[in-house]
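Colleague: Data: my_file_31.pdb, PDB, C-alpha atoms, pLDDT in the B column.
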```pdb
MODEL        1
ATOM      1  CA  MET A 259      91.893  76.343 154.550  1.00 59.00           C
ATOM      2  CA  ILE A 260      95.423  76.494 153.156  1.00 62.00           C
ATOM      3  CA  ASP A 261      94.382  73.999 150.478  1.00 64.00           C
ATOM      4  CA  LYS A 262      91.550  76.320 149.531  1.00 64.00           C
ATOM      5  CA  LYS A 263      93.939  79.286 149.237  1.00 63.00           C
ATOM      6  CA  ILE A 264      96.356  77.222 147.142  1.00 68.00           C
ATOM      7  CA  LYS A 265      93.540  76.148 144.827  1.00 63.00           C
ATOM      8  CA  ILE A 266      92.292  79.760 144.461  1.00 69.00           C
ATOM      9  CA  PHE A 267      95.855  80.928 143.797  1.00 60.00           C
ATOM     10  CA  ALA A 268      96.425  78.160 141.225  1.00 61.00           C
ATOM     11  CA  VAL A 269      93.149  78.899 139.447  1.00 61.00           C
ATOM     12  CA  SER A 270      93.929  82.614 139.467  1.00 66.00           C
ATOM     13  CA  ALA A 271      97.419  81.966 138.078  1.00 60.00           C
ATOM     14  CA  LEU A 272      96.031  79.752 135.306  1.00 62.00           C
ATOM     15  CA  ALA A 273      93.386  82.339 134.455  1.00 63.00           C
ATOM     16  CA  LEU A 274      96.057  85.045 134.163  1.00 58.00           C
ATOM     17  CA  MET A 275      98.210  82.791 131.976  1.00 63.00           C
ATOM     18  CA  PHE A 276      95.293  82.150 129.612  1.00 60.00           C
ATOM     19  CA  LEU A 277      94.457  85.839 129.565  1.00 58.00           C
ATOM     20  CA  PHE A 278      98.010  86.893 128.673  1.00 59.00           C
ATOM     21  CA  SER A 279      98.532  84.123 126.128  1.00 60.00           C
ATOM     22  CA  GLY A 280      95.351  85.233 124.327  1.00 56.00           C
ATOM     23  CA  CYS A 281      96.572  88.822 124.242  1.00 52.00           C
ATOM     24  CA  ASN A 282      99.846  87.838 122.631  1.00 51.00           C
ATOM     25  CA  GLN A 283      98.182  85.971 119.770  1.00 55.00           C
ATOM     26  CA  LYS A 284      96.060  88.837 118.581  1.00 55.00           C
ATOM     27  CA  PRO A 285      99.007  91.099 117.744  1.00 66.00           C
ATOM     28  CA  LYS A 286     100.655  88.193 115.895  1.00 73.00           C
ATOM     29  CA  GLU A 287      97.546  87.818 113.745  1.00 76.00           C
ATOM     30  CA  GLU A 288      97.479  91.554 113.151  1.00 76.00           C
ATOM     31  CA  GLU A 289     101.181  91.457 112.225  1.00 78.00           C
ATOM     32  CA  LYS A 290     100.472  88.695 109.708  1.00 77.00           C
ATOM     33  CA  GLU A 291      97.593  90.705 108.254  1.00 77.00           C
ATOM     34  CA  ASP A 292      99.855  93.751 108.003  1.00 75.00           C
ATOM     35  CA  GLU A 293     102.537  91.661 106.290  1.00 76.00           C
ATOM     36  CA  VAL A 294     100.008  90.299 103.798  1.00 68.00           C
ATOM     37  CA  LYS A 295      98.661  93.800 103.141  1.00 72.00           C
ATOM     38  CA  GLN A 296     102.212  95.085 102.559  1.00 73.00           C
ATOM     39  CA  GLU A 297     102.996  92.207 100.206  1.00 72.00           C
ATOM     40  CA  LEU A 298      99.801  92.896  98.241  1.00 70.00           C
ATOM     41  CA  LYS A 299     100.710  96.569  98.081  1.00 68.00           C
ATOM     42  CA  ASP A 300     104.205  95.674  96.841  1.00 69.00           C
ATOM     43  CA  VAL A 301     102.777  93.349  94.184  1.00 67.00           C
ATOM     44  CA  GLY A 302     100.365  96.091  93.110  1.00 69.00           C
ATOM     45  CA  GLU A 303     103.200  98.597  92.837  1.00 73.00           C
ATOM     46  CA  GLU A 304     105.270  96.126  90.804  1.00 73.00           C
ATOM     47  CA  ALA A 305     102.299  95.561  88.481  1.00 71.00           C
ATOM     48  CA  ASP A 306     101.888  99.325  88.090  1.00 76.00           C
ATOM     49  CA  GLU A 307     105.590  99.645  87.277  1.00 81.00           C
ATOM     50  CA  LEU A 308     105.290  96.869  84.699  1.00 80.00           C
ATOM     51  CA  VAL A 309     102.308  98.570  83.068  1.00 80.00           C
ATOM     52  CA  GLU A 310     104.225 101.863  82.978  1.00 84.00           C
ATOM     53  CA  ALA A 311     107.243 100.135  81.430  1.00 86.00           C
ATOM     54  CA  GLN A 312     105.028  98.540  78.777  1.00 86.00           C
ATOM     55  CA  LYS A 313     103.332 101.865  78.131  1.00 86.00           C
ATOM     56  CA  ASP A 314     106.705 103.616  77.783  1.00 88.00           C
ATOM     57  CA  LYS A 315     107.916 100.960  75.328  1.00 90.00           C
ATOM     58  CA  LEU A 316     104.738 101.184  73.285  1.00 87.00           C
ATOM     59  CA  ARG A 317     105.054 105.000  73.249  1.00 88.00           C
ATOM     60  CA  SER A 318     108.659 104.694  72.092  1.00 91.00           C
ATOM     61  CA  ASP A 319     107.720 102.223  69.345  1.00 91.00           C
ATOM     62  CA  LEU A 320     104.898 104.491  68.199  1.00 90.00           C
ATOM     63  CA  ASP A 321     107.141 107.565  68.177  1.00 92.00           C
ATOM     64  CA  ASN A 322     109.814 105.696  66.196  1.00 92.00           C
ATOM     65  CA  ALA A 323     107.303 104.388  63.646  1.00 90.00           C
ATOM     66  CA  ILE A 324     105.763 107.829  63.193  1.00 91.00           C
ATOM     67  CA  ALA A 325     109.194 109.437  62.812  1.00 92.00           C
ATOM     68  CA  ASP A 326     110.131 106.816  60.217  1.00 91.00           C
ATOM     69  CA  PHE A 327     106.848 107.391  58.361  1.00 89.00           C
ATOM     70  CA  ASP A 328     107.291 111.169  58.418  1.00 91.00           C
ATOM     71  CA  GLN A 329     110.849 110.783  57.164  1.00 92.00           C
ATOM     72  CA  LYS A 330     109.670 108.624  54.269  1.00 88.00           C
ATOM     73  CA  ILE A 331     106.986 111.184  53.403  1.00 87.00           C
ATOM     74  CA  GLU A 332     109.596 113.946  53.450  1.00 89.00           C
ATOM     75  CA  LYS A 333     111.831 111.930  51.136  1.00 87.00           C
ATOM     76  CA  LEU A 334     108.898 111.275  48.796  1.00 83.00           C
ATOM     77  CA  ASN A 335     108.004 114.984  48.770  1.00 84.00           C
ATOM     78  CA  GLN A 336     111.606 115.879  47.897  1.00 86.00           C
ATOM     79  CA  GLU A 337     111.584 113.405  45.017  1.00 82.00           C
ATOM     80  CA  ILE A 338     108.283 114.817  43.752  1.00 79.00           C
ATOM     81  CA  GLU A 339     109.625 118.379  43.914  1.00 82.00           C
ATOM     82  CA  SER A 340     112.766 117.438  42.042  1.00 84.00           C
ATOM     83  CA  GLN A 341     110.572 115.744  39.379  1.00 76.00           C
ATOM     84  CA  LYS A 342     112.186 112.364  39.917  1.00 67.00           C
ATOM     85  CA  THR A 343     108.849 110.861  40.841  1.00 71.00           C
ATOM     86  CA  LYS A 344     105.218 111.600  40.265  1.00 78.00           C
ATOM     87  CA  ILE A 345     102.420 110.427  42.500  1.00 81.00           C
ATOM     88  CA  SER A 346      99.030 109.346  41.193  1.00 86.00           C
ATOM     89  CA  GLN A 347      95.702 110.388  42.635  1.00 90.00           C
ATOM     90  CA  GLU A 348      95.259 106.862  44.004  1.00 91.00           C
ATOM     91  CA  GLN A 349      98.664 106.982  45.681  1.00 88.00           C
ATOM     92  CA  GLN A 350      97.894 110.407  47.153  1.00 90.00           C
ATOM     93  CA  GLU A 351      94.633 109.099  48.590  1.00 93.00           C
ATOM     94  CA  ALA A 352      96.419 106.094  50.104  1.00 91.00           C
ATOM     95  CA  LEU A 353      99.053 108.410  51.568  1.00 91.00           C
ATOM     96  CA  ASP A 354      96.365 110.695  53.002  1.00 93.00           C
ATOM     97  CA  LYS A 355      94.694 107.675  54.637  1.00 94.00           C
ATOM     98  CA  LEU A 356      98.011 106.683  56.190  1.00 93.00           C
ATOM     99  CA  LYS A 357      98.516 110.195  57.542  1.00 93.00           C
ATOM    100  CA  THR A 358      95.019 110.135  59.030  1.00 95.00           C
ATOM    101  CA  LYS A 359      95.665 106.733  60.608  1.00 95.00           C
ATOM    102  CA  ARG A 360      98.964 108.030  62.021  1.00 93.00           C
ATOM    103  CA  ASP A 361      97.203 110.978  63.617  1.00 95.00           C
ATOM    104  CA  GLU A 362      94.423 108.752  64.992  1.00 95.00           C
ATOM    105  CA  LEU A 363      96.901 106.341  66.573  1.00 93.00           C
ATOM    106  CA  GLN A 364      98.863 109.145  68.153  1.00 93.00           C
ATOM    107  CA  SER A 365      95.721 110.821  69.518  1.00 93.00           C
ATOM    108  CA  ARG A 366      94.308 107.561  70.780  1.00 92.00           C
ATOM    109  CA  PHE A 367      97.494 106.783  72.672  1.00 91.00           C
ATOM    110  CA  ASP A 368      97.801 110.311  74.069  1.00 90.00           C
ATOM    111  CA  GLU A 369      94.189 110.398  75.231  1.00 89.00           C
ATOM    112  CA  ALA A 370      94.049 106.868  76.655  1.00 86.00           C
ATOM    113  CA  GLU A 371      92.909 106.831  80.259  1.00 82.00           C
ATOM    114  CA  VAL A 372      93.898 103.429  81.542  1.00 77.00           C
ATOM    115  CA  LYS A 373      93.025 103.050  85.208  1.00 76.00           C
ATOM    116  CA  SER A 374      93.506  99.347  85.860  1.00 79.00           C
ATOM    117  CA  LYS A 375      95.725  96.510  84.755  1.00 81.00           C
ATOM    118  CA  GLU A 376      92.776  94.878  82.966  1.00 85.00           C
ATOM    119  CA  GLU A 377      91.971  98.089  81.088  1.00 87.00           C
ATOM    120  CA  TRP A 378      95.640  98.344  80.075  1.00 87.00           C
ATOM    121  CA  LYS A 379      95.673  94.777  78.741  1.00 88.00           C
ATOM    122  CA  GLU A 380      92.567  95.436  76.672  1.00 90.00           C
ATOM    123  CA  PHE A 381      93.828  98.792  75.370  1.00 90.00           C
ATOM    124  CA  LYS A 382      97.279  97.409  74.606  1.00 90.00           C
ATOM    125  CA  SER A 383      95.896  94.427  72.708  1.00 92.00           C
ATOM    126  CA  GLU A 384      93.621  96.549  70.523  1.00 92.00           C
ATOM    127  CA  PHE A 385      96.180  99.292  70.046  1.00 92.00           C
ATOM    128  CA  GLU A 386      99.010  96.932  69.097  1.00 93.00           C
ATOM    129  CA  SER A 387      96.784  95.279  66.511  1.00 94.00           C
ATOM    130  CA  ASP A 388      95.919  98.626  64.934  1.00 94.00           C
ATOM    131  CA  PHE A 389      99.526  99.776  65.223  1.00 92.00           C
ATOM    132  CA  ASP A 390     100.800  96.624  63.477  1.00 94.00           C
ATOM    133  CA  ASN A 391      98.271  97.167  60.687  1.00 94.00           C
ATOM    134  CA  PHE A 392      99.497 100.750  60.307  1.00 93.00           C
ATOM    135  CA  LYS A 393     103.152  99.668  60.109  1.00 93.00           C
ATOM    136  CA  THR A 394     102.283  97.016  57.527  1.00 94.00           C
ATOM    137  CA  SER A 395     100.324  99.542  55.462  1.00 92.00           C
ATOM    138  CA  VAL A 396     103.228 102.001  55.547  1.00 92.00           C
ATOM    139  CA  LYS A 397     105.670  99.302  54.515  1.00 91.00           C
ATOM    140  CA  ASP A 398     103.396  98.134  51.706  1.00 90.00           C
ATOM    141  CA  PHE A 399     102.820 101.680  50.450  1.00 88.00           C
ATOM    142  CA  PHE A 400     106.489 102.548  50.196  1.00 84.00           C
ATOM    143  CA  VAL A 401     107.547  99.146  48.811  1.00 84.00           C
ATOM    144  CA  ASP A 402     104.853  99.336  46.127  1.00 71.00           C
ATOM    145  CA  ASN A 403     105.797 102.910  45.205  1.00 65.00           C
ATOM    146  CA  GLU A 404     109.563 102.583  44.980  1.00 61.00           C
TER
ENDMDL
END
```
Translate this structure into structure tokens?
Modeller:
Amino acid sequence: MIDKKIKIFAVSALALMFLFSGCNQKPKEEEKEDEVKQELKDVGEEADELVEAQKDKLRSDLDNAIADFDQKIEKLNQEIESQKTKISQEQQEALDKLKTKRDELQSRFDEAEVKSKEEWKEFKSEFESDFDNFKTSVKDFFVDNE
């Protein structure tokens, strides 16, 4: 009879050990899941910060290029007023096209609604291409008309 009680006690003790060891593993798995979720959140936040930094730099570059363009137009207008330079109809049309392109670029950037990293990459690629074309056109216009 004592052997029976010892066996029941031993089986009960083993059952409790298995029960408690199983309980301890579940929180560890949940902790790992929480850690992974936090790491993903951190990576997402870092990606968002990178996109914002790129957007700020692109905005700064655009603002600087537009300011430079406007300054060159102002200088050209002063030269025209002082009769040092005359501008042809063709040159005026080219200048008007550049002004329109400037306004379009600025509006496009201001109105861009980029919601994901992929959308930002696509927008940035297209915008930078158009922006580079604008800068080249401005440079060519003022070099050709010096």
Colleague: Put a box with edges along x, y and z around all the listed atoms of range 342-359 of chain A, pad it by 8 Å on each side, then give me its centre and sizes in Å, one decimal, as JSON.
Modeller:
```
{"center_x": 103.4, "center_y": 109.2, "center_z": 50.3, "size_x": 33.6, "size_y": 22.3, "size_z": 36.7}
```
Colleague: Skip Phe392 in chain A itself and residues of its chain fewer than 2 positions away, then list as a list in words all residues within 10 Å of it, counting only C-alpha atoms.
Modeller: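 Once the adjacent positions are removed, what remains is Ala323, Ile324, Leu356, Lys357, Lys359, Arg360, Leu363, Glu386, Ser387, Asp388, Phe389, Asp390, Thr394, Ser395, Val396, Lys397 and Asp398 of chain A.
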Colleague: Quick one: write out the picked residues with C-alpha atoms as a compact mmCIF listing (two decimals), in the frame of the given file?
Modeller:
```txt
# COMPACT_ATOMS: atom_id res chain seq x y z
CA ALA A 323 107.30 104.39 63.65
CA ILE A 324 105.76 107.83 63.19
CA LEU A 356 98.01 106.68 56.19
CA LYS A 357 98.52 110.20 57.54
CA LYS A 359 95.66 106.73 60.61
CA ARG A 360 98.96 108.03 62.02
CA LEU A 363 96.90 106.34 66.57
CA GLU A 386 99.01 96.93 69.10
CA SER A 387 96.78 95.28 66.51
CA ASP A 388 95.92 98.63 64.93
CA PHE A 389 99.53 99.78 65.22
CA ASP A 390 100.80 96.62 63.48
CA THR A 394 102.28 97.02 57.53
CA SER A 395 100.32 99.54 55.46
CA VAL A 396 103.23 102.00 55.55
CA LYS A 397 105.67 99.30 54.52
CA ASP A 398 103.40 98.13 51.71
```
Colleague: For CA of Ala305 in chain A and CA of Lys393 in chain A, determine how far apart the two atoms are, in Å to one decimal place.
Modeller: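 Computing it gives 28.7 Å between the two atoms.
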Colleague: As an exercise, work out the distance from CA of Ser340 in chain A to CA of Asp354 in chain A in Å and give it to one decimal place.
Modeller: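 Interatomic distance, CA of Ser340 in chain A to CA of Asp354 in chain A: 20.8 Å.
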Colleague: Evaluate the PyMOL selection byres ((chain A and resi 306-317) around 10) on the structure here and hand back the selected residues as an mmCIF file with C-alpha atoms, in the coordinates of the input.
Modeller:
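Produced file result-v3.cif, reproduced below:
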```
data_model
loop_
_atom_site.group_PDB
_atom_site.id
_atom_site.type_symbol
_atom_site.label_atom_id
_atom_site.label_comp_id
_atom_site.auth_asym_id
_atom_site.auth_seq_id
_atom_site.Cartn_x
_atom_site.Cartn_y
_atom_site.Cartn_z
ATOM 1 C CA ASP A 300 104.205 95.674 96.841
ATOM 2 C CA VAL A 301 102.777 93.349 94.184
ATOM 3 C CA GLY A 302 100.365 96.091 93.110
ATOM 4 C CA GLU A 303 103.200 98.597 92.837
ATOM 5 C CA GLU A 304 105.270 96.126 90.804
ATOM 6 C CA ALA A 305 102.299 95.561 88.481
ATOM 7 C CA SER A 318 108.659 104.694 72.092
ATOM 8 C CA ASP A 319 107.720 102.223 69.345
ATOM 9 C CA LEU A 320 104.898 104.491 68.199
ATOM 10 C CA ASP A 321 107.141 107.565 68.177
ATOM 11 C CA ASN A 322 109.814 105.696 66.196
ATOM 12 C CA ALA A 323 107.303 104.388 63.646
ATOM 13 C CA GLN A 364 98.863 109.145 68.153
ATOM 14 C CA PHE A 367 97.494 106.783 72.672
ATOM 15 C CA ASP A 368 97.801 110.311 74.069
ATOM 16 C CA VAL A 372 93.898 103.429 81.542
ATOM 17 C CA SER A 374 93.506 99.347 85.860
ATOM 18 C CA LYS A 375 95.725 96.510 84.755
ATOM 19 C CA TRP A 378 95.640 98.344 80.075
ATOM 20 C CA LYS A 379 95.673 94.777 78.741
ATOM 21 C CA LYS A 382 97.279 97.409 74.606
ATOM 22 C CA PHE A 385 96.180 99.292 70.046
ATOM 23 C CA GLU A 386 99.010 96.932 69.097
ATOM 24 C CA PHE A 389 99.526 99.776 65.223
#
```
Colleague: Could you complete range 360-389 of chain A so that it carries N, CA and C atoms, and give it back as a short mmCIF file (atom, residue, chain, number, x, y, z; two decimals), in the frame of the given file?
Modeller:
```cif
data_model
loop_
_atom_site.label_atom_id
_atom_site.label_comp_id
_atom_site.auth_asym_id
_atom_site.auth_seq_id
_atom_site.Cartn_x
_atom_site.Cartn_y
_atom_site.Cartn_z
N ARG A 360 97.86 107.64 61.14
CA ARG A 360 98.96 108.03 62.02
C ARG A 360 98.46 108.98 63.10
N ASP A 361 97.72 109.99 62.67
CA ASP A 361 97.20 110.98 63.62
C ASP A 361 96.22 110.35 64.61
N GLU A 362 95.38 109.43 64.11
CA GLU A 362 94.42 108.75 64.99
C GLU A 362 95.13 107.91 66.05
N LEU A 363 96.16 107.17 65.63
CA LEU A 363 96.90 106.34 66.57
C LEU A 363 97.56 107.20 67.64
N GLN A 364 98.18 108.27 67.21
CA GLN A 364 98.86 109.14 68.15
C GLN A 364 97.87 109.76 69.15
N SER A 365 96.74 110.23 68.65
CA SER A 365 95.72 110.82 69.52
C SER A 365 95.15 109.78 70.47
N ARG A 366 94.88 108.63 69.95
CA ARG A 366 94.31 107.56 70.78
C ARG A 366 95.24 107.19 71.92
N PHE A 367 96.53 107.11 71.62
CA PHE A 367 97.49 106.78 72.67
C PHE A 367 97.59 107.92 73.68
N ASP A 368 97.67 109.15 73.18
CA ASP A 368 97.80 110.31 74.07
C ASP A 368 96.59 110.49 74.98
N GLU A 369 95.41 110.16 74.48
CA GLU A 369 94.19 110.40 75.23
C GLU A 369 93.72 109.19 76.03
N ALA A 370 94.46 108.09 75.95
CA ALA A 370 94.05 106.87 76.66
C ALA A 370 94.09 107.09 78.16
N GLU A 371 92.99 106.74 78.80
CA GLU A 371 92.91 106.83 80.26
C GLU A 371 92.76 105.41 80.79
N VAL A 372 93.88 104.80 81.07
CA VAL A 372 93.90 103.43 81.54
C VAL A 372 94.04 103.47 83.05
N LYS A 373 93.04 102.95 83.75
CA LYS A 373 93.02 103.05 85.21
C LYS A 373 93.34 101.74 85.91
N SER A 374 93.23 100.63 85.21
CA SER A 374 93.51 99.35 85.86
C SER A 374 94.36 98.48 84.94
N LYS A 375 94.89 97.43 85.51
CA LYS A 375 95.72 96.51 84.76
C LYS A 375 94.90 95.84 83.65
N GLU A 376 93.64 95.52 83.95
CA GLU A 376 92.78 94.88 82.97
C GLU A 376 92.48 95.83 81.81
N GLU A 377 92.21 97.09 82.14
CA GLU A 377 91.97 98.09 81.09
C GLU A 377 93.22 98.24 80.22
N TRP A 378 94.39 98.21 80.83
CA TRP A 378 95.64 98.34 80.08
C TRP A 378 95.79 97.17 79.12
N LYS A 379 95.54 95.95 79.60
CA LYS A 379 95.67 94.78 78.74
C LYS A 379 94.76 94.88 77.53
N GLU A 380 93.52 95.30 77.76
CA GLU A 380 92.57 95.44 76.67
C GLU A 380 93.00 96.53 75.69
N PHE A 381 93.38 97.69 76.23
CA PHE A 381 93.83 98.79 75.37
C PHE A 381 95.06 98.38 74.57
N LYS A 382 96.02 97.79 75.25
CA LYS A 382 97.28 97.41 74.61
C LYS A 382 97.04 96.41 73.47
N SER A 383 96.19 95.43 73.72
CA SER A 383 95.90 94.43 72.71
C SER A 383 95.28 95.06 71.46
N GLU A 384 94.27 95.89 71.65
CA GLU A 384 93.62 96.55 70.52
C GLU A 384 94.57 97.52 69.82
N PHE A 385 95.30 98.28 70.61
CA PHE A 385 96.18 99.29 70.05
C PHE A 385 97.31 98.64 69.25
N GLU A 386 97.92 97.59 69.81
CA GLU A 386 99.01 96.93 69.10
C GLU A 386 98.54 96.34 67.78
N SER A 387 97.33 95.82 67.76
CA SER A 387 96.78 95.28 66.51
C SER A 387 96.65 96.38 65.46
N ASP A 388 96.07 97.49 65.86
CA ASP A 388 95.92 98.63 64.93
C ASP A 388 97.28 99.20 64.53
N PHE A 389 98.19 99.25 65.48
CA PHE A 389 99.53 99.78 65.22
C PHE A 389 100.28 98.88 64.23
#
```
